[in-house]
file target23.tsv (TSV, C-alpha atoms)
chain	number	residue	atom	x	y	z
A	28	MET	CA	68.89	69.90	113.08
A	29	GLN	CA	70.13	69.78	109.52
A	30	GLN	CA	71.08	66.33	108.25
A	31	VAL	CA	74.53	66.20	106.70
A	32	GLY	CA	75.66	63.59	104.20
A	33	LYS	CA	79.02	62.76	102.71
A	34	ASN	CA	78.54	65.11	99.77
A	35	SER	CA	77.54	68.16	101.80
A	36	PHE	CA	80.23	70.39	100.28
A	37	SER	CA	79.37	71.45	96.75
A	38	PRO	CA	82.06	73.05	94.55
A	39	ARG	CA	80.14	76.31	94.81
A	40	SER	CA	80.05	76.36	98.60
A	41	LEU	CA	83.73	75.41	98.80
A	42	ALA	CA	84.71	78.21	96.42
A	43	ASP	CA	82.67	80.68	98.47
A	44	VAL	CA	84.39	79.58	101.66
A	45	VAL	CA	87.90	79.76	100.22
A	46	GLY	CA	87.23	83.25	98.92
A	47	VAL	CA	86.68	84.72	102.39
A	48	GLN	CA	89.49	82.98	104.23
A	49	PHE	CA	91.99	85.77	103.66
A	50	GLY	CA	91.16	89.45	103.64
A	51	ALA	CA	87.66	88.97	105.06
A	52	SER	CA	86.23	91.75	107.16
A	53	MET	CA	86.14	91.50	110.94
A	54	ALA	CA	82.37	91.09	110.79
A	55	GLU	CA	82.66	88.17	108.37
A	56	GLN	CA	85.24	86.43	110.56
A	57	SER	CA	83.00	86.86	113.62
A	58	ALA	CA	80.16	85.11	111.77
A	59	ARG	CA	81.61	81.72	112.77
A	60	PRO	CA	79.35	80.69	115.69
A	61	PHE	CA	82.30	79.24	117.60
A	62	TYR	CA	83.86	82.72	117.66
A	63	GLY	CA	80.67	84.75	117.85
A	64	GLU	CA	77.27	83.51	118.93
A	65	TYR	CA	78.76	80.71	121.05
A	66	ALA	CA	82.00	82.34	122.17
A	67	TRP	CA	80.73	82.03	125.75
A	68	ALA	CA	80.81	78.21	125.41
A	69	PHE	CA	84.17	77.78	123.68
A	70	ASP	CA	86.07	76.64	126.77
A	71	LEU	CA	83.26	74.27	127.74
A	72	LEU	CA	83.42	72.53	124.37
A	73	ILE	CA	87.19	72.58	123.86
A	74	ASP	CA	88.83	71.44	127.07
A	75	ARG	CA	92.59	71.97	127.26
A	76	PRO	CA	95.23	71.31	129.97
A	77	VAL	CA	96.07	75.01	130.03
A	78	GLY	CA	98.20	74.93	133.16
A	79	LYS	CA	100.35	72.05	131.93
A	80	GLU	CA	100.77	73.54	128.46
A	81	CYS	CA	101.67	76.98	129.81
A	82	ALA	CA	104.29	75.35	132.03
A	83	ALA	CA	105.95	74.01	128.87
A	84	ILE	CA	105.55	77.34	127.08
A	85	THR	CA	107.15	79.15	130.02
A	86	ALA	CA	110.05	76.69	130.12
A	87	TRP	CA	110.69	77.16	126.38
A	88	LEU	CA	110.60	80.94	126.74
A	89	ILE	CA	113.04	80.90	129.65
A	90	GLU	CA	115.39	78.57	127.73
A	91	ARG	CA	115.49	81.20	124.95
A	92	GLY	CA	116.06	84.10	127.36
A	93	VAL	CA	112.49	85.44	127.54
A	94	LEU	CA	112.08	85.62	131.31
A	95	PRO	CA	109.03	86.44	133.46
A	96	GLY	CA	108.43	90.17	133.28
A	97	ALA	CA	108.85	90.17	129.50
A	98	THR	CA	106.06	91.24	127.16
A	99	LEU	CA	104.18	88.55	125.23
A	100	LEU	CA	101.55	88.60	122.49
A	101	ASP	CA	98.87	85.94	122.41
A	102	ALA	CA	97.98	86.13	118.71
A	103	GLY	CA	94.44	84.90	118.15
A	104	CYS	CA	93.93	84.74	121.91
A	105	GLY	CA	90.36	83.42	121.85
A	106	THR	CA	88.86	83.34	125.34
A	107	GLY	CA	92.12	84.44	126.93
A	108	ARG	CA	92.82	81.40	129.07
A	109	TYR	CA	96.44	81.04	127.89
A	110	ALA	CA	97.09	84.78	128.23
A	111	GLY	CA	95.69	84.72	131.75
A	112	GLU	CA	97.80	81.73	132.78
A	113	LEU	CA	100.99	83.21	131.32
A	114	ALA	CA	100.27	86.47	133.16
A	115	ARG	CA	99.87	84.47	136.35
A	116	ARG	CA	103.35	83.08	135.68
A	117	GLY	CA	104.84	86.57	135.63
A	118	TYR	CA	104.60	87.78	132.03
A	119	THR	CA	102.92	90.92	130.73
A	120	VAL	CA	100.55	89.61	128.08
A	121	GLU	CA	98.50	91.28	125.38
A	122	GLY	CA	95.82	89.20	123.69
A	123	VAL	CA	94.62	90.10	120.20
A	124	ASP	CA	91.69	88.54	118.35
A	125	ARG	CA	89.37	89.57	115.52
A	126	SER	CA	86.24	88.41	117.35
A	127	SER	CA	84.70	91.04	119.62
A	128	GLU	CA	82.70	88.28	121.34
A	129	LEU	CA	85.83	86.29	122.19
A	130	ILE	CA	87.59	89.43	123.42
A	131	GLU	CA	84.68	90.24	125.70
A	132	THR	CA	84.72	86.68	127.04
A	133	ALA	CA	88.48	86.96	127.61
A	134	ARG	CA	88.14	90.21	129.53
A	135	GLN	CA	85.55	88.68	131.80
A	136	SER	CA	87.59	85.52	132.37
A	137	VAL	CA	90.76	87.27	133.60
A	138	HIS	CA	89.11	89.81	135.89
A	139	GLY	CA	91.43	90.41	138.84
A	140	HIS	CA	94.76	89.93	137.02
A	141	GLY	CA	95.42	93.67	137.19
A	142	HIS	CA	97.49	95.30	134.47
A	143	SER	CA	99.58	92.21	133.60
A	144	VAL	CA	97.11	91.06	130.93
A	145	SER	CA	95.03	93.03	128.44
A	146	PHE	CA	92.94	92.28	125.38
A	147	ARG	CA	92.01	94.13	122.22
A	148	ILE	CA	90.20	93.50	118.97
A	149	GLY	CA	92.73	93.49	116.17
A	150	ASP	CA	94.26	91.88	113.11
A	151	ILE	CA	97.41	89.80	113.58
A	152	LEU	CA	98.54	90.96	110.13
A	153	ALA	CA	98.72	94.54	111.46
A	154	LEU	CA	100.93	94.34	114.54
A	155	PRO	CA	103.11	97.09	116.03
A	156	ALA	CA	106.80	96.92	115.16
A	157	ALA	CA	109.38	95.44	117.56
A	158	ARG	CA	107.03	95.46	120.54
A	159	TYR	CA	107.04	91.93	121.98
A	160	ASP	CA	109.68	89.65	123.49
A	161	GLY	CA	107.65	86.57	122.63
A	162	ILE	CA	104.60	85.57	120.59
A	163	LEU	CA	102.26	82.62	121.11
A	164	CYS	CA	99.95	81.61	118.24
A	165	ARG	CA	97.82	78.52	118.81
A	166	GLY	CA	96.03	76.96	115.84
A	167	VAL	CA	95.31	80.22	114.02
A	168	LEU	CA	97.69	79.64	111.13
A	169	ASN	CA	95.55	76.79	109.78
A	170	ASP	CA	92.97	79.42	108.78
A	171	PHE	CA	95.40	81.04	106.31
A	172	VAL	CA	94.92	78.95	103.18
A	173	ASN	CA	97.03	80.88	100.63
A	174	ASP	CA	100.82	80.76	100.42
A	175	ASP	CA	101.19	84.55	100.35
A	176	ALA	CA	98.94	84.93	103.39
A	177	ARG	CA	100.97	82.37	105.33
A	178	LEU	CA	104.20	84.13	104.48
A	179	SER	CA	102.72	87.51	105.40
A	180	VAL	CA	101.45	86.48	108.83
A	181	CYS	CA	104.76	84.89	109.80
A	182	GLY	CA	106.51	88.01	108.51
A	183	ALA	CA	104.17	90.12	110.67
A	184	PHE	CA	105.20	88.06	113.70
A	185	ALA	CA	108.88	88.59	112.91
A	186	GLY	CA	108.37	92.32	112.51
A	187	ALA	CA	106.50	92.57	115.83
A	188	LEU	CA	109.25	90.88	117.85
A	189	GLN	CA	112.18	92.48	119.59
A	190	PRO	CA	115.63	91.27	118.42
A	191	ALA	CA	116.10	87.60	119.39
A	192	GLY	CA	112.38	87.37	120.17
A	193	VAL	CA	110.76	83.95	120.42
A	194	LEU	CA	107.78	82.60	118.47
A	195	ILE	CA	105.84	79.57	119.73
A	196	LEU	CA	103.05	78.20	117.55
A	197	ASP	CA	101.16	75.08	116.63
A	198	VAL	CA	99.60	73.97	113.36
A	199	ARG	CA	97.84	70.87	112.07
A	200	GLU	CA	100.37	68.56	110.45
A	201	TRP	CA	98.94	67.31	107.15
A	202	GLU	CA	99.79	63.61	107.04
A	203	ALA	CA	98.83	62.79	110.63
A	204	THR	CA	95.69	64.96	110.40
A	205	ARG	CA	94.67	63.24	107.16
A	206	ASP	CA	95.07	59.81	108.77
A	207	ARG	CA	93.12	60.83	111.87
A	208	LYS	CA	90.25	62.43	109.98
A	209	GLN	CA	89.94	59.41	107.71
A	210	ARG	CA	89.37	57.35	110.86
A	211	GLU	CA	87.36	59.92	112.78
A	212	PRO	CA	85.59	62.38	110.46
A	213	VAL	CA	82.95	63.32	113.05
A	214	PHE	CA	83.49	64.99	116.43
A	215	ARG	CA	80.54	65.56	118.75
A	216	LYS	CA	80.32	66.86	122.30
A	217	SER	CA	77.38	67.87	124.50
A	218	VAL	CA	77.57	70.03	127.62
A	219	LEU	CA	75.01	71.26	130.12
A	220	THR	CA	75.20	75.03	130.53
A	221	ASP	CA	73.18	77.68	132.36
A	222	ARG	CA	71.60	78.47	128.97
A	223	GLY	CA	70.55	74.90	128.20
A	224	LYS	CA	72.04	71.74	126.68
A	225	LEU	CA	74.54	72.59	123.96
A	226	THR	CA	75.70	70.03	121.40
A	227	PHE	CA	78.59	70.77	119.08
A	228	THR	CA	79.20	68.64	115.97
A	229	SER	CA	82.09	68.95	113.54
A	230	ILE	CA	82.21	66.96	110.30
A	231	THR	CA	85.42	66.95	108.25
A	232	GLU	CA	86.02	66.04	104.63
A	233	LEU	CA	89.48	65.96	103.07
A	234	GLU	CA	90.84	67.77	100.03
A	235	PRO	CA	94.19	65.95	99.66
A	236	GLU	CA	95.52	67.88	96.67
A	237	ARG	CA	95.49	71.15	98.60
A	238	HIS	CA	96.10	69.66	102.07
A	239	GLN	CA	92.75	71.14	103.09
A	240	LEU	CA	90.04	70.22	105.56
A	241	LEU	CA	86.46	71.02	104.53
A	242	LEU	CA	84.48	71.46	107.73
A	243	LEU	CA	80.87	71.78	108.75
A	244	GLU	CA	80.26	72.88	112.34
A	245	THR	CA	76.85	72.79	113.99
A	246	HIS	CA	75.89	74.20	117.39
A	247	THR	CA	72.52	73.08	118.73
A	248	LEU	CA	71.15	74.65	121.92
A	249	VAL	CA	68.10	73.10	123.57
A	250	ASN	CA	66.30	74.82	126.45
A	251	ASP	CA	62.83	75.89	127.56
A	252	ALA	CA	62.59	78.22	124.59
A	253	GLY	CA	63.01	75.30	122.16
A	254	GLU	CA	65.84	74.20	119.87
A	255	HIS	CA	68.17	76.53	117.98
A	256	SER	CA	70.84	75.38	115.50
A	257	SER	CA	73.62	77.29	113.75
A	258	ASP	CA	75.67	75.80	110.89
A	259	TYR	CA	78.96	77.08	109.54
A	260	ARG	CA	81.06	75.80	106.62
A	261	PHE	CA	84.69	76.73	106.19
A	262	VAL	CA	88.09	75.50	105.06
A	263	MET	CA	91.37	74.96	106.90
A	264	ARG	CA	94.68	74.15	105.30
A	265	CYS	CA	97.14	71.93	107.11
A	266	TRP	CA	100.90	72.39	107.11
A	267	THR	CA	103.88	70.17	106.43
A	268	ARG	CA	107.08	70.50	108.40
A	269	SER	CA	109.04	71.38	105.27
A	270	GLU	CA	106.60	74.20	104.48
A	271	LEU	CA	106.91	75.61	107.98
A	272	GLU	CA	110.70	75.38	107.81
A	273	SER	CA	110.72	77.23	104.50
A	274	VAL	CA	108.53	80.06	105.79
A	275	PHE	CA	110.61	80.41	108.96
A	276	ALA	CA	113.82	80.70	106.96
A	277	ARG	CA	112.34	83.32	104.61
A	278	VAL	CA	111.09	85.65	107.35
A	279	GLY	CA	114.09	85.42	109.66
A	280	PHE	CA	113.49	82.67	112.23
A	281	GLY	CA	116.11	80.09	113.17
A	282	SER	CA	117.06	77.70	115.99
A	283	VAL	CA	113.74	75.93	115.51
A	284	ALA	CA	112.68	73.04	117.76
A	285	TYR	CA	109.68	70.87	116.89
A	286	PHE	CA	107.38	68.88	119.16
A	287	GLY	CA	104.15	66.91	118.85
A	288	ALA	CA	102.39	68.85	121.61
A	289	TYR	CA	103.00	71.48	124.25
A	290	ASP	CA	105.08	68.87	126.03
A	291	PRO	CA	108.83	68.47	125.45
A	292	ALA	CA	108.50	64.71	125.93
A	293	ILE	CA	106.23	64.28	122.89
A	294	ARG	CA	108.23	64.16	119.66
A	295	ALA	CA	107.16	65.77	116.42
A	296	GLY	CA	105.23	63.25	114.33
A	297	ALA	CA	103.67	61.47	117.30
A	298	THR	CA	100.43	63.48	117.00
A	299	ASP	CA	98.52	65.42	114.36
A	300	ARG	CA	99.82	68.70	115.81
A	301	LEU	CA	103.15	70.30	115.04
A	302	VAL	CA	104.42	72.66	117.73
A	303	ALA	CA	107.36	74.88	116.81
A	304	VAL	CA	109.60	77.04	118.98
A	305	ALA	CA	111.66	79.49	116.90
A	306	GLN	CA	113.89	82.48	117.55
A	307	LEU	CA	114.30	85.61	115.48
A	308	TYR	CA	117.76	86.06	114.01
A	309	ASP	CA	117.17	88.48	111.13
A	310	ILE	CA	114.55	91.11	111.81
A	311	ALA	CA	115.27	92.75	108.44
A	312	GLY	CA	114.15	89.58	106.69
A	313	ALA	CA	110.57	90.09	107.72
A	314	SER	CA	110.24	93.60	106.32
A	315	SER	CA	111.96	92.70	103.07
A	316	ILE	CA	109.77	89.66	102.44
A	317	LEU	CA	106.60	91.66	103.04
A	318	LYS	CA	107.72	94.23	100.45
A	319	SER	CA	108.78	91.63	97.90
A	320	PRO	CA	106.71	91.67	94.69
A	321	ASP	CA	106.92	87.89	94.22
A	322	THR	CA	105.19	86.64	97.37
A	323	GLY	CA	102.30	85.02	95.52
A	324	ASN	CA	101.24	81.38	95.68
A	325	ARG	CA	104.02	78.90	95.12

call {"tool": "encode", "arguments": {"input": "target23.tsv", "output": "structure tokens"}}
result
Amino acid sequence: MQQVGKNSFSPRSLADVVGVQFGASMAEQSARPFYGEYAWAFDLLIDRPVGKECAAITAWLIERGVLPGATLLDAGCGTGRYAGELARRGYTVEGVDRSSELIETARQSVHGHGHSVSFRIGDILALPAARYDGILCRGVLNDFVNDDARLSVCGAFAGALQPAGVLILDVREWEATRDRKQREPVFRKSVLTDRGKLTFTSITELEPERHQLLLLETHTLVNDAGEHSSDYRFVMRCWTRSELESVFARVGFGSVAYFGAYDPAIRAGATDRLVAVAQLYDIAGASSILKSPDTGNR
């Protein structure tokens, strides 16, 4: 296993990573082992209270008039566990992800749900117009590091929603994430699988000026065939609440409520996650902002 020190990220490697964060091909995106080679182990390594969180998501949707039977998009659906649970709660859900391996895992995981949930390989920047009553996007927006890309993806969500459609998303909040990663820069978890013992390690360095996280992920699988390790370096950019509010206003979302988790009892600022529930009020705003010539970095 490769040894990693504090200065693992050279300026050259960081520049290379930043260059492929937006506009990379589907094949390049799938190169991340978490989304490709080890897609089958994602849910084993990242355990989530899916049922509890989908109960909150459902309650928020119903409060905004998006009732069971409505059509939802799970944008960046991963292994499909949220899409499957929301379908079980009565919604018709389409999951979209750029990773063919994650989509295949999702299709296998929801076998038996019938026609209420489906999955496809696709780009969340190229969504059909006015198709969905609600959109869920968990964590994906941290991967968009440029201002214009962030504006474009939120505009794509607005354009894909029916009038008064609801968007629910979460992002990493910069200040709380910075404080947490200063305390806990290393995350490691090992699980026993039918393919051997798998250990996942994530090491985070901070780039405060750009609100960025510089990450090195390593998957190590040990079995009778020996030991196999895969490393992957990449960059995430955290969000501030003011930035999210600005983007929402520009692309046509209002009536925004903020939380610290998928739990209405946890206030915004109590965790390093910022969960937002927003409603579309100006569908024309999305199309106009995407056509604007001045949507560069600000």

call {"tool": "closest_residue", "arguments": {"input": "target23.tsv", "among": "A:Ala176, A:Cys104, A:Leu233, A:Val278", "to": "Gln209 in chain A", "atoms": "all atoms listed in the file"}}
result
A:Leu233

call {"tool": "closest_residue", "arguments": {"input": "target23.tsv", "among": "A:Phe275, A:Leu240, A:Ala305, A:Ala288", "to": "Pro76 in chain A", "atoms": "only C-alpha atoms"}}
result
A:Ala288

call {"tool": "atom_distance", "arguments": {"input": "target23.tsv", "atom1": "CA of Gly287 in chain A", "atom2": "CA of Thr85 in chain A"}}
result
16.8 Å

call {"tool": "closest_residue", "arguments": {"input": "target23.tsv", "among": "A:Val213, A:Ala153, A:Met263, A:Ile195", "to": "Arg237 in chain A", "atoms": "only C-alpha atoms"}}
result
A:Met263

call {"tool": "residues_near_point", "arguments": {"input": "target23.tsv", "point": "(121.8, 83.5, 114.4)", "cutoff": "10 Å", "atoms": "all atoms listed in the file", "output": "ChimeraX atom specification"}}
result
/A:191,279-282,306-309

call {"tool": "atom_distance", "arguments": {"input": "target23.tsv", "atom1": "CA of Ala156 in chain A", "atom2": "CA of Ala102 in chain A"}}
result
14.4 Å

call {"tool": "residues_around", "arguments": {"input": "target23.tsv", "residues": "Asn250 in chain A", "least_positions_apart": "2", "cutoff": "12 Å", "atoms": "only C-alpha atoms", "output": "list of chain:residue names"}}
result
A:Leu219, A:Thr220, A:Asp221, A:Arg222, A:Gly223, A:Lys224, A:Leu225, A:Thr226, A:Thr247, A:Leu248, A:Ala252, A:Gly253, A:Glu254, A:His255, A:Ser256

call {"tool": "residues_near_point", "arguments": {"input": "target23.tsv", "point": "(97.2, 81.5, 115.4)", "cutoff": "8 Å", "atoms": "all atoms listed in the file", "output": "number ranges by chain"}}
result
A: 102-104, 163-169, 196-197

call {"tool": "atom_distance", "arguments": {"input": "target23.tsv", "atom1": "CA of Lys79 in chain A", "atom2": "CA of Asp290 in chain A"}}
result
8.2 Å

call {"tool": "axis_aligned_box", "arguments": {"input": "target23.tsv", "around": "range 245-262 of chain A", "padding_each_side": "4 Å", "output": "lines of an AutoDock Vina configuration file"}}
result
center_x = 75.3
center_y = 75.5
center_z = 116.3
size_x = 33.5
size_y = 13.4
size_z = 30.5

call {"tool": "residues_around", "arguments": {"input": "target23.tsv", "residues": "Thr298 in chain A", "least_positions_apart": "5", "cutoff": "12 Å", "atoms": "only C-alpha atoms", "output": "VMD selection string"}}
result
chain A and resid 197 to 207 285 to 290 293

call {"tool": "residues_around", "arguments": {"input": "target23.tsv", "residues": "Leu94 in chain A", "least_positions_apart": "5", "cutoff": "8 Å", "atoms": "only C-alpha atoms", "output": "ChimeraX atom specification"}}
result
/A:88-89,118

call {"tool": "residues_around", "arguments": {"input": "target23.tsv", "residues": "Tyr109 in chain A", "least_positions_apart": "2", "cutoff": "10 Å", "atoms": "all atoms listed in the file", "output": "list in words"}}
result
Arg75, Val77, Gly78, Glu80, Cys81, Ile84, Asp101, Cys104, Gly105, Thr106, Gly107, Gly111, Glu112, Leu113, Ala114, Arg115, Val120, Gly122, Ala133, Leu163 and Arg165 of chain A

call {"tool": "residues_around", "arguments": {"input": "target23.tsv", "residues": "Gly96 in chain A", "least_positions_apart": "3", "cutoff": "10 Å", "atoms": "only C-alpha atoms", "output": "list in words"}}
result
Val93, Leu99, Ala114, Arg116, Gly117, Tyr118, Thr119, Val120, Ser143 and Asp160 of chain A

call {"tool": "closest_residue", "arguments": {"input": "target23.tsv", "among": "A:Leu301, A:Leu129, A:Leu188, A:Leu100", "to": "Tyr65 in chain A", "atoms": "only C-alpha atoms"}}
result
A:Leu129

call {"tool": "closest_residue", "arguments": {"input": "target23.tsv", "among": "A:Phe146, A:Pro95, A:Glu128, A:Trp266", "to": "Pro60 in chain A", "atoms": "only C-alpha atoms"}}
result
A:Glu128

call {"tool": "closest_residue", "arguments": {"input": "target23.tsv", "among": "A:Arg300, A:Arg125, A:Arg134, A:Arg158", "to": "Phe184 in chain A", "atoms": "only C-alpha atoms"}}
result
A:Arg158
